[in-house]
Structure formats: structure tokens, C-alpha cells
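K.L.:
Questions regarding the structure given below will be posed in turn.
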Protein chains: 2
Amino acid sequence: MAAKTKIRVVAALGGNAILQLGQKGTYEEQLANIKKTAEHLANMIMSRKYQVIITHGNGPQVGAILLQNDAGQAAFNVPAMPMDVCGAESQGLIGYMIQQSLREIFVEGGRPEIPVATVVTQVIVDKNDSAFKNPTKPVGPFYTEEVAKKLAKEKGWTVISDAGRGWRRVVPSPDPKDIAEKEAIKAMIDAHVVPIVSGGGGIPVVEENGKLRGVEAVIDKDLAGERVAEAIDADVLLILTDVNGAAINYKKPDEKWLRKITVAEAKKYLQEGQFAKGSMGPKVLAAIRFIEWGGKRAIITSLDKAYDAIRGKTGTEIVKE
Amino acid sequence: MAAKTKIRVVAALGGNAILQLGQKGTYEEQLANIKKTAEHLANMIMSRKYQVIITHGNGPQVGAILLQNDAGQAAFNVPAMPMDVCGAESQGLIGYMIQQSLREIFVEGGRPEIPVATVVTQVIVDKNDSAFKNPTKPVGPFYTEEVAKKLAKEKGWTVISDAGRGWRRVVPSPDPKDIAEKEAIKAMIDAHVVPIVSGGGGIPVVEENGKLRGVEAVIDKDLAGERVAEAIDADVLLILTDVNGAAINYKKPDEKWLRKITVAEAKKYLQEGQFAKGSMGPKVLAAIRFIEWGGKRAIITSLDKAYDAIRGKTGTEIVKE
């Protein structure tokens with residue numbers, strides 16, 4: 001890659017950047033949320049100091065696509081696509097809306113020349129990852145027990161009963177190892193393009209003799225974002241969510257928000273179970289990995305505090321020691 | 001852009017590169033077709049002589065997504081996305097499969113290092129394009145007259161009766177003007193990435209005070225591919241379809257396949273109605289535009305003859321004079 005002229009920041013957007021809890025998921029809602037998201041990121045992106053690489057979640061969107069695939073098969077006999085393909089579709093869907101919204105902000109900010117582009121991204125996982133033996137991540141619609149067990153038999157799915165709400169498919173959540181499209185992403189960074197990559201944690205693929213094959217799984221988007229940060233030699237991993245940082249004793253009387261913690265402290269808290277699995281847990285783990293890999297700064301904060309946090313004013317920062 | 005070291009070729013893949021007539025559109029069928037397509041392109045891409053930029057159609061795929069959106073709304077109340085968003089989804093879907101298939105060929109060919117990546121691409125059309133007043137392109141499912149007219153009223157659609165097969169929505173097919181993500185695409189080319197761009201003719205957007213807004217329309221993929229070729233300063237526009245070239249008096253006793261025709265001849269034949277609208281017509285028009293813009297070679301041939309055609313052995317070539 002070309003020599004760095006700016007501080008390179010991977011910004012990992014949480015689900016709230018695209019859809020708010022309780023919303024239906026219309027196009028208008030999503031575009032309005034993404035426009036706000038773009039505003040929150042704008043100062044940082046338009047500054048001459050930072051170069052921003054964006055990644056994002058896709059839970060509600062890929063959930064909707066899975067439902068649409070189910071319904072399309074039933075109503076019109078349209079062949080349902082496997083999950084990895086649905087994930088690729090969600091990258092197109094979300095990437096397009098982010099591209100358009102960022103351009104709007106850049107035009108308003110007098111910087112229409114800043115290019116933005118989404119790269120359809122495959123993320124490589126280990127085919128021997130133990131997650132494949134123990135699928136835990138619920139995806140798609142709820143079914144009756146009868147239908148769920150029929151689908152499990154027909155399609156080889158693992159299904160579980162989900163706390164009285166019905167039966168659901170679960171898929172593995174393997175650990176991301178590498179980014180298949182990293183050379184393309186590096187090229188875009190060198191050319192000062194704002195790349196949107198690894199949406200929804202990336203399309204999960206396994207490598208067999210150098211070839212890639214899609215698998216039905218979900219990769220945590222913050223852990224995948226951390227691999228992006230490694231691949232492009234980022235300085236900062238900025239994990240943006242709906243809370244202002246990480247806390248210990250969360251929602252208990254002795255709750256304590258963390259401003260700065262060392263990797264050793266973060267590991268200890270993680271082991272104690274202080275951070276929720278599938279939520280703050282992987283964010284803290286991603287931050288730890290990034291610093292241990294050699295990253296300069298790893299910050300967890302809320303989307304609307306992104307620019308304050310990167311200037312050290314708020315959020316939780318995980319430091320080496 | 002960096003100085004050219006190779007002959008730069010935009011290869012526009014026809015629908016048959018992804019799905020054959022009569023197939024159902026399963027993932028397995030599409031992936032098998034795309035793997036064959038990748039083989040047909042392989043010699044050219046792996047040569048040290050040509051640099052290939054890929055674009056492709058999305059008719060059956062976006063059609064399936066539209067059906068899935070309809071069915072998902074009806075069955076699960078999942079908000080249907082507008083057509084431009086469905087187009088973005090189809091770019092993810094198809095781009096992912098092409099990326100994976102090309103890598104497979106490169107690995108087999110001992111060239112695993114060649115990077116491939118899909119860019120979610122918006123194509124700018126003129127908001128005053130007369131096509132917006134006269135929608136002609138049928139999309140999505142067939143409806144009864146009653147349902148079609150109800151939808152037309154509710155959603156502001158234009159619907160038409162389609163030759164006894166039922167009623168269908170029609171959308172405008174405006175002329176492509178520019179490629180929103182051209183800087184990102186150029187950066188990838190400079191870095192020797194094989195980019196997959198402008199899928200399905202691109203996501204149609206109009207420009208208003210520099211900002212982009214999605215519109216419900218379909219852009220012809222060969223005409224959009226020609227704009228890609230202009231934007232990246234291509235040498236060759238290679239339009240790949242299911243026939244070996246263009247013919248006059250097509251399927252008549254005096255049918256004549258064309259090997260080499262001038263822009264003037266092509267224009268005359270086009271005006272005579274020798275080339276089918278929405279099929280060979282826009283391919284010839286794209287070829288004419290490319291040569292008139294200053295492109296070196298414009299070739300129409302079948303997918304399996306791609307490498308022969310670029311070496312001058314077959315197909316129809318449109319030349320300046």
C-alpha cells in the first residue's frame with residue numbers, strides 16, 4: 001500500500017445505524033437512519049486528518065431477505081437462495097444506501113469529490129472452526145415445531161425452540177480469519193475512496209485448496225471489522241453502537257462505565273462474563289485483538305459520539321497497558 | 001489513472017452467462033453457469049495482455065427478488081423495497097458468485113493472486129429523460145387486471161396488459177449518462193483488480209444539486225457498460241451474448257451475419273430496424289457509441305467465443321470507417 005498520510009480508522013456501525021428498535025424496516029425508515037449515521041460520521045470523514053473505512057451489521061436486513069426468500073418459494077416457487085447469497089444481497093442493499101447518504105453529506109459539506117464505494121466482501125473462516133459443530137445464532141422466521149422439524153430434515157438445518165416464541169433455525173457463528181477482497185479494499189484506500197466493506201460480518205466462506213466456498217453461517221461484524229483493520233493496516237478500530245461504551249456490573253447498582261482499560265483488564269472482565277455474549281462481548285474481544293495485533297487505538301462508543309470519542313473525549317478505550 | 005500497461009477490455013455478460021433459458025434459477029444452476037462463464041473469460045483475464053472489467057445483466061435475478069419482495073410483504077408483512085434497492089441486492093448476489101467462480105479458475109490456473117471485487121454501482125440518468133414519461137420495460141410478476149389496477153392506483157405504477165399472459169408493471173428504461181463510482185473503479189483497475197461493476201445496468205439514480213436519488217427504472221446493461229468503458233478509458237468493449245454476432249435479415253432466407261461493419265453501416269441497419277429492440281439493438285448502439293467516443297474496438301459475440309473474438313477470429317466488429 002502507499003504510505004499513510006492520514007490516520008486510518010475502521011468504523012464498525014451497529015444495527016442502530018440502519019434500523020431502530022421497533023421500526024418496521026421500510027426503505028424510508030432505513031434511508032432516514034442512514035442519513036443520520038452519515039451525519040455522525042461526516043466530520044471525521046471530511047476532516048483532512050482521518051481516513052475512514054466503514055463496516056456495518058445486517059441483522060434485520062438479512063432477516064427480511066430470508067423471510068422474503070421463504071415467502072417467494074411458497075407463493076411463486078422462486079428458488080430460495082442460501083444464507084451466504086442472502087448476505088451478499090444485504091451488502092448491496094445497505095451499501096447502496098450508505099453510498100448515497102454519504103454523498104449527500106459530502107455535497108452539503110462542499111466536498112462532493114470524495115468517492116464512496118461498497119465492495120462485496122467474502123470473509124474467510126476456518127472450516128474446522130468448532131462453531132460448525134455447535135450452531136447458536138438464530139436466523140430467519142419462527143416456525144411451528146412441526147414445520148421446523150420438517151425443514152430440519154429436508155434441508156439439514158439445526159432448529160431450536162426459542163423461549164416460547166416458536167422454533168427457529170440456528171446457524172454457526174465462526175471466527176473470521178481473513179478478508180478475501182483485501183487487495184481491492186487497499187487499492188481503494190490508496191486512492192482516497194471511502195470503502196464500505198464486510199457488511200454484516202462479511203459473506204462467510206471456507207477455503208479449500210485456495211478456492212472459496214460459501215457456508216451458511218453468520219460472522220460477528222465487529223470481529224470481522226477487526227480483521228479488516230488488520231488487513232488494511234488501520235490505526236484505529238472504532239466500534240459504534242447504541243451505548244456510550246462498555247460498563248462492568250451493567251444495569252446493577254454498582255454499574256461502572258469504563259473510560260480507559262488495559263487489554264489485561266478487558267480480558268479479565270470478559271472472562272468474568274461482564275460483557276453480554278453476542279453484544280458487548282465480541283466488541284471488547286475485537287478491541288483486544290486489534291491492540292494485541294499492533295493497532296494503536298480501539299474505542300467503543302455510541303454512533304453520535306464517534307467524532308468526540310476519536311478525539312479522546314468519551315467512550316471506552318482499550319489500551320495496551 | 002496510472003498509465004496503461006495492458007489492453008483494457010470491458011466485457012459485458014449477457015443473461016445466459018448466469019442463467020439459461022428454461023432453468024428455474026436455483027443457486028446451484030446459477031453457480032454452475034457462472035463457473036462456465038468464468039472459464040470462457042479465463043484465458044483473457046489470465047493473459048498478460050488484457051485487463052478485464054466485467055459487467056453483467058440481472059433480469060431473472062432482479063425479477064426473482066421482486067417476486068420475493070411481493071411475497072414477503074403478503075406473507076410476513078416485510079416491507080417491500082423499491083426497485084433500485086432490489087437492483088442493488090442483485091448486484092451483491094451476482095457479484096458474489098462471479099468473484100468466487102473467477103477465483104476458482106485463477107487458483108486452477110496457478111494465478112491465485114489475481115484479485116476480483118464487485119463494486120455496488122449507481123448509474124446516473126437524466127431526470128428529464130423522455131423514458132420517464134413512457135415506461136416500456138416489464139418487470140416483476142404477472143397480475144390479474146383487477147390486482148394490477150389496484151396496485152397502479154396504490155403505488156403509482158404504470159401497468160399494461162401483456163399479450164394474454166396477464167397484467168404487468170412497466171418501468172422506464174432511461175439512457176445511462178455517467179457512473180457514480182467511477183473513481184473507485186479506476187483505483188481498482190490501477191491496482192490490477194478485476195472489477196465487477198454496474199451489474200444489471202447499474203442502480204438507476206438521478207442527480208439533483210449533486211445529490212443522487214434512486215429511481216424505479218431499468219437501464220440497459222450494454223449501454224451502461226459502454227459508459228463504464230468511457231469512464232475508465234477502455235480500449236475494447238466486448239459485448240457477450242448467446243449468438244455469435246449481429247445479423248441483418250435475421251432468421252430470414254437472406255440472413256447475413258456481419259463480421260465487420262462501419263459505424264455508418266451500423267447506424268443505417270439500426271435505423272432500418274434490423275436489430276431487435278431491447279436485444280441486439282442496444283448492443284449495436286453501445287458499440288456505435290463506444291467507437292464514436294474514441295474507443296478502439298467494439299465487438300459483439302457469444303460468450304464462448306470471447307477470446308477468439310478479441311483476437312479478431314470471429315464475432316461482429318464495429319469499426320470507425
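Identifiers in this document derive from the order of the C-alpha cells: chains are assigned A, B, ..., residues are numbered from 1 separately in each chain, and ligands are numbered from 1 in order of occurrence.
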Counting only C-alpha atoms, which residues in chain A sit no more than 6 Å from chain B? For each one, give the nearest pair of atoms and the distance in Å, sorted by chain then residue number, as a Markdown table.
P.N.:
| residue | atom | partner | partner_atom | distance |
| --- | --- | --- | --- | --- |
| A:Thr26 | CA | B:Pro79 | CA | 5.2 |
| A:Tyr27 | CA | B:Met81 | CA | 5.9 |
| A:Gln68 | CA | B:Gly72 | CA | 4.2 |
| A:Asn69 | CA | B:Gln68 | CA | 5.7 |
| A:Ala71 | CA | B:Ala71 | CA | 5.2 |
| A:Gly72 | CA | B:Gln68 | CA | 4.2 |
| A:Pro79 | CA | B:Thr26 | CA | 5.2 |
| A:Met81 | CA | B:Tyr27 | CA | 5.9 |
| A:Val85 | CA | B:Leu93 | CA | 5.7 |
| A:Ala88 | CA | B:Gly92 | CA | 4.8 |
| A:Glu89 | CA | B:Glu89 | CA | 4.1 |
| A:Gly92 | CA | B:Glu89 | CA | 4.6 |
| A:Leu93 | CA | B:Glu89 | CA | 5.1 |
| A:Glu104 | CA | B:Lys211 | CA | 5.2 |
| A:Thr118 | CA | B:Val120 | CA | 5.4 |
| A:Val119 | CA | B:Val119 | CA | 5.0 |
| A:Val120 | CA | B:Thr118 | CA | 5.4 |
| A:Ala184 | CA | B:Met188 | CA | 6.0 |
| A:Ala187 | CA | B:Met188 | CA | 5.7 |
| A:Met188 | CA | B:Ala187 | CA | 5.8 |
| A:Ala191 | CA | B:Ala187 | CA | 5.8 |
| A:Lys211 | CA | B:Glu104 | CA | 5.2 |
K.L.:
Residues near Val284 of chain B, anyone? I mean within 8 Å using only C-alpha atoms, not counting same-chain ones fewer than 2 positions away, as a tab-separated table (two decimals) with N, CA, C and O atoms, in the first residue's frame.
P.N.:
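As written to disk, around-v9.tsv reads:
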chain	number	residue	atom	x	y	z
B	246	ALA	N	-23.93	-9.98	-34.75
B	246	ALA	CA	-25.15	-9.35	-35.25
B	246	ALA	C	-25.39	-9.81	-36.69
B	246	ALA	O	-24.44	-10.08	-37.43
B	266	ALA	N	-23.65	0.47	-39.37
B	266	ALA	CA	-24.38	0.04	-38.17
B	266	ALA	C	-25.56	0.96	-37.91
B	266	ALA	O	-26.66	0.51	-37.59
B	270	LEU	N	-29.44	-0.08	-37.96
B	270	LEU	CA	-30.20	0.17	-36.73
B	270	LEU	C	-31.49	0.93	-37.06
B	270	LEU	O	-32.57	0.59	-36.58
B	275	PHE	N	-32.07	-4.70	-36.07
B	275	PHE	CA	-31.67	-5.30	-34.78
B	275	PHE	C	-32.80	-5.16	-33.77
B	275	PHE	O	-33.33	-4.06	-33.56
B	280	MET	N	-30.57	-7.12	-29.65
B	280	MET	CA	-29.37	-6.75	-30.41
B	280	MET	C	-29.29	-5.24	-30.62
B	280	MET	O	-28.18	-4.70	-30.75
B	281	GLY	N	-30.43	-4.56	-30.63
B	281	GLY	CA	-30.45	-3.11	-30.86
B	281	GLY	C	-29.53	-2.33	-29.93
B	281	GLY	O	-28.61	-1.64	-30.37
B	282	PRO	N	-29.76	-2.42	-28.61
B	282	PRO	CA	-28.89	-1.67	-27.69
B	282	PRO	C	-27.43	-2.13	-27.72
B	282	PRO	O	-26.54	-1.32	-27.43
B	286	ALA	N	-24.62	0.50	-28.32
B	286	ALA	CA	-23.50	0.65	-27.39
B	286	ALA	C	-22.17	0.62	-28.14
B	286	ALA	O	-21.26	1.41	-27.88
B	287	ALA	N	-22.08	-0.29	-29.11
B	287	ALA	CA	-20.85	-0.41	-29.90
B	287	ALA	C	-20.60	0.88	-30.69
B	287	ALA	O	-19.47	1.39	-30.73
B	288	ILE	N	-21.64	1.40	-31.32
B	288	ILE	CA	-21.52	2.66	-32.08
B	288	ILE	C	-21.02	3.79	-31.16
B	288	ILE	O	-20.07	4.51	-31.48
B	300	ILE	N	-19.21	-7.64	-30.80
B	300	ILE	CA	-20.37	-8.39	-30.28
B	300	ILE	C	-20.15	-9.84	-30.66
B	300	ILE	O	-19.94	-10.17	-31.83
K.L.:
Mind checking which residues fall within 10 Å of Leu303 of chain B, counting only C-alpha atoms, ignoring those fewer than 4 positions away in the same chain, and posting them as a VMD selection string?
P.N.:
chain B and resid 11 to 14 16 to 17 36 to 38 40 to 41 238 to 244 307 309
K.L.:
Those same residues - C-alpha atoms - I'd like them written as a compact mmCIF listing (two decimals), in the first residue's frame.
P.N.:
# COMPACT_ATOMS: atom_id res chain seq x y z
CA ALA B 11 -16.69 -7.43 -21.00
CA ALA B 12 -20.50 -7.16 -20.81
CA LEU B 13 -22.02 -10.52 -19.95
CA GLY B 14 -25.48 -11.38 -21.24
CA ASN B 16 -27.08 -16.55 -20.50
CA ALA B 17 -23.79 -16.12 -18.61
CA LYS B 36 -18.58 -21.89 -17.11
CA THR B 37 -18.65 -18.16 -17.81
CA ALA B 38 -15.51 -17.71 -15.74
CA HIS B 40 -14.76 -18.60 -21.03
CA LEU B 41 -13.23 -15.38 -19.70
CA LEU B 238 -16.71 -6.72 -25.71
CA ILE B 239 -20.42 -7.49 -25.65
CA LEU B 240 -21.01 -11.18 -24.94
CA THR B 241 -24.36 -12.77 -25.67
CA ASP B 242 -25.90 -16.05 -26.83
CA VAL B 243 -25.34 -15.54 -30.56
CA ASN B 244 -22.08 -15.21 -32.43
CA TYR B 307 -11.19 -14.99 -26.51
CA ALA B 309 -13.29 -12.67 -30.95
K.L.:
Give the helix (DSSP H, G or I) residues of segment 17-217 of chain B, as DSSP finds them on the backbone, and put them as a ChimeraX atom specification.
P.N.:
/B:17,27-46,59-76,83-108,130-133,145-155,182-190,199-201
K.L.:
Among segment 48-160 of chain B, which residues does DSSP mark as strand (DSSP E or B) when it is run on the backbone? Keep the chain and numbering as in the structure and answer as a PyMOL selection string.
P.N.:
chain B and resi 50-56+116-119+122-125+137-143+158-160
K.L.:
Quick one: distance from atom CA of Gly199 of chain B to atom CA of His56 of chain B in Å, one decimal?
P.N.:
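We find that atom CA of Gly199 of chain B and atom CA of His56 of chain B lie 5.0 Å from each other.
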K.L.:
Residues at most 10 Å from Thr5 of chain A, counting only C-alpha atoms, excluding those fewer than 5 positions away in the same chain, as a VMD selection string?
P.N.:
chain A and resid 48 to 51 190
K.L.:
Could you give me, as a list in words, the residues within 12 Å of Ile7 of chain A, counting only C-alpha atoms and dropping anything in the same chain fewer than 2 positions from it?
P.N.:
Ala3, Lys4, Thr5, Val9, Val10, Met44, Ile45, Ser47, Arg48, Lys49, Tyr50, Gln51, Val52, Ile53, Ile189, Ile232, Asp233, Ala234, Asp235, Val236, Leu237, Gly295, Lys296, Arg297, Ile310 and Arg311 of chain A
K.L.:
May I have the selected residues written with N, CA and C atoms, as a short mmCIF file (atom, residue, chain, number, x, y, z; two decimals), in the first residue's frame?
P.N.:
data_model
loop_
_atom_site.label_atom_id
_atom_site.label_comp_id
_atom_site.auth_asym_id
_atom_site.auth_seq_id
_atom_site.Cartn_x
_atom_site.Cartn_y
_atom_site.Cartn_z
N ALA A 3 2.19 4.94 1.25
CA ALA A 3 2.46 5.43 2.60
C ALA A 3 1.23 6.16 3.15
N LYS A 4 1.03 6.05 4.45
CA LYS A 4 -0.13 6.68 5.06
C LYS A 4 0.05 8.18 5.17
N THR A 5 -0.98 8.93 4.81
CA THR A 5 -0.92 10.37 5.02
C THR A 5 -1.95 10.81 6.05
N VAL A 9 -8.93 4.81 10.05
CA VAL A 9 -9.93 4.41 11.03
C VAL A 9 -10.93 3.43 10.42
N VAL A 10 -11.07 2.25 11.00
CA VAL A 10 -12.18 1.37 10.62
C VAL A 10 -13.34 1.66 11.57
N MET A 44 -15.62 13.42 10.78
CA MET A 44 -14.42 12.59 10.74
C MET A 44 -13.99 12.34 9.30
N ILE A 45 -14.95 11.96 8.46
CA ILE A 45 -14.60 11.62 7.07
C ILE A 45 -14.13 12.85 6.29
N SER A 47 -12.74 15.46 7.49
CA SER A 47 -11.52 16.08 8.02
C SER A 47 -10.33 15.67 7.15
N ARG A 48 -9.29 16.45 7.19
CA ARG A 48 -8.08 16.09 6.44
C ARG A 48 -7.20 15.17 7.29
N LYS A 49 -7.69 14.84 8.47
CA LYS A 49 -6.87 14.09 9.43
C LYS A 49 -7.12 12.58 9.38
N TYR A 50 -8.39 12.20 9.16
CA TYR A 50 -8.74 10.79 9.24
C TYR A 50 -9.17 10.24 7.88
N GLN A 51 -8.83 8.98 7.68
CA GLN A 51 -9.33 8.26 6.51
C GLN A 51 -10.19 7.14 7.05
N VAL A 52 -11.44 7.09 6.62
CA VAL A 52 -12.40 6.19 7.26
C VAL A 52 -12.80 5.04 6.33
N ILE A 53 -12.81 3.85 6.90
CA ILE A 53 -13.26 2.64 6.22
C ILE A 53 -14.49 2.17 7.00
N ILE A 189 -8.42 2.47 -0.71
CA ILE A 189 -7.90 3.36 0.34
C ILE A 189 -6.76 4.21 -0.21
N ILE A 232 -5.84 -3.90 6.40
CA ILE A 232 -5.53 -2.62 5.74
C ILE A 232 -4.58 -1.77 6.58
N ASP A 233 -4.05 -2.38 7.64
CA ASP A 233 -3.09 -1.67 8.50
C ASP A 233 -3.71 -0.40 9.10
N ALA A 234 -4.86 -0.56 9.72
CA ALA A 234 -5.55 0.59 10.33
C ALA A 234 -4.85 1.03 11.61
N ASP A 235 -5.05 2.29 11.96
CA ASP A 235 -4.54 2.82 13.22
C ASP A 235 -5.57 2.71 14.34
N VAL A 236 -6.84 2.88 13.95
CA VAL A 236 -7.92 2.96 14.94
C VAL A 236 -9.06 2.02 14.56
N LEU A 237 -9.53 1.25 15.54
CA LEU A 237 -10.77 0.49 15.37
C LEU A 237 -11.83 1.19 16.21
N GLY A 295 -2.53 -2.63 16.68
CA GLY A 295 -3.29 -1.41 16.40
C GLY A 295 -3.03 -0.35 17.46
N LYS A 296 -3.16 0.91 17.08
CA LYS A 296 -2.85 1.98 18.03
C LYS A 296 -3.98 2.22 19.02
N ARG A 297 -5.22 2.32 18.51
CA ARG A 297 -6.33 2.65 19.40
C ARG A 297 -7.56 1.81 19.06
N ILE A 310 -13.15 9.74 19.05
CA ILE A 310 -11.85 9.60 18.38
C ILE A 310 -10.90 10.71 18.81
N ARG A 311 -11.45 11.81 19.30
CA ARG A 311 -10.60 12.88 19.83
C ARG A 311 -10.41 12.72 21.35
#
K.L.:
So how many Å separate atom CA of Ile160 of chain B and atom CA of Gly278 of chain B, to one decimal?
P.N.:
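Atom-to-atom, atom CA of Ile160 of chain B to atom CA of Gly278 of chain B, that is 17.4 Å.
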K.L.:
Identify, on the basis of only C-alpha atoms, every residue whose closest approach to Val218 of chain A does not exceed 7 Å; exclude the query and any residue fewer than 2 positions from it along the same chain; express the result as a list in words.
P.N.:
Val171, Pro172, Ser173, Pro204 and Asp220 of chain A
K.L.:
For a test of reading the model, state the distance in Å between atom CA of Glu39 of chain A and atom CA of Asp308 of chain A, rounded to one decimal.
P.N.:
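Straight-line distance from atom CA of Glu39 of chain A to atom CA of Asp308 of chain A works out to 13.4 Å.
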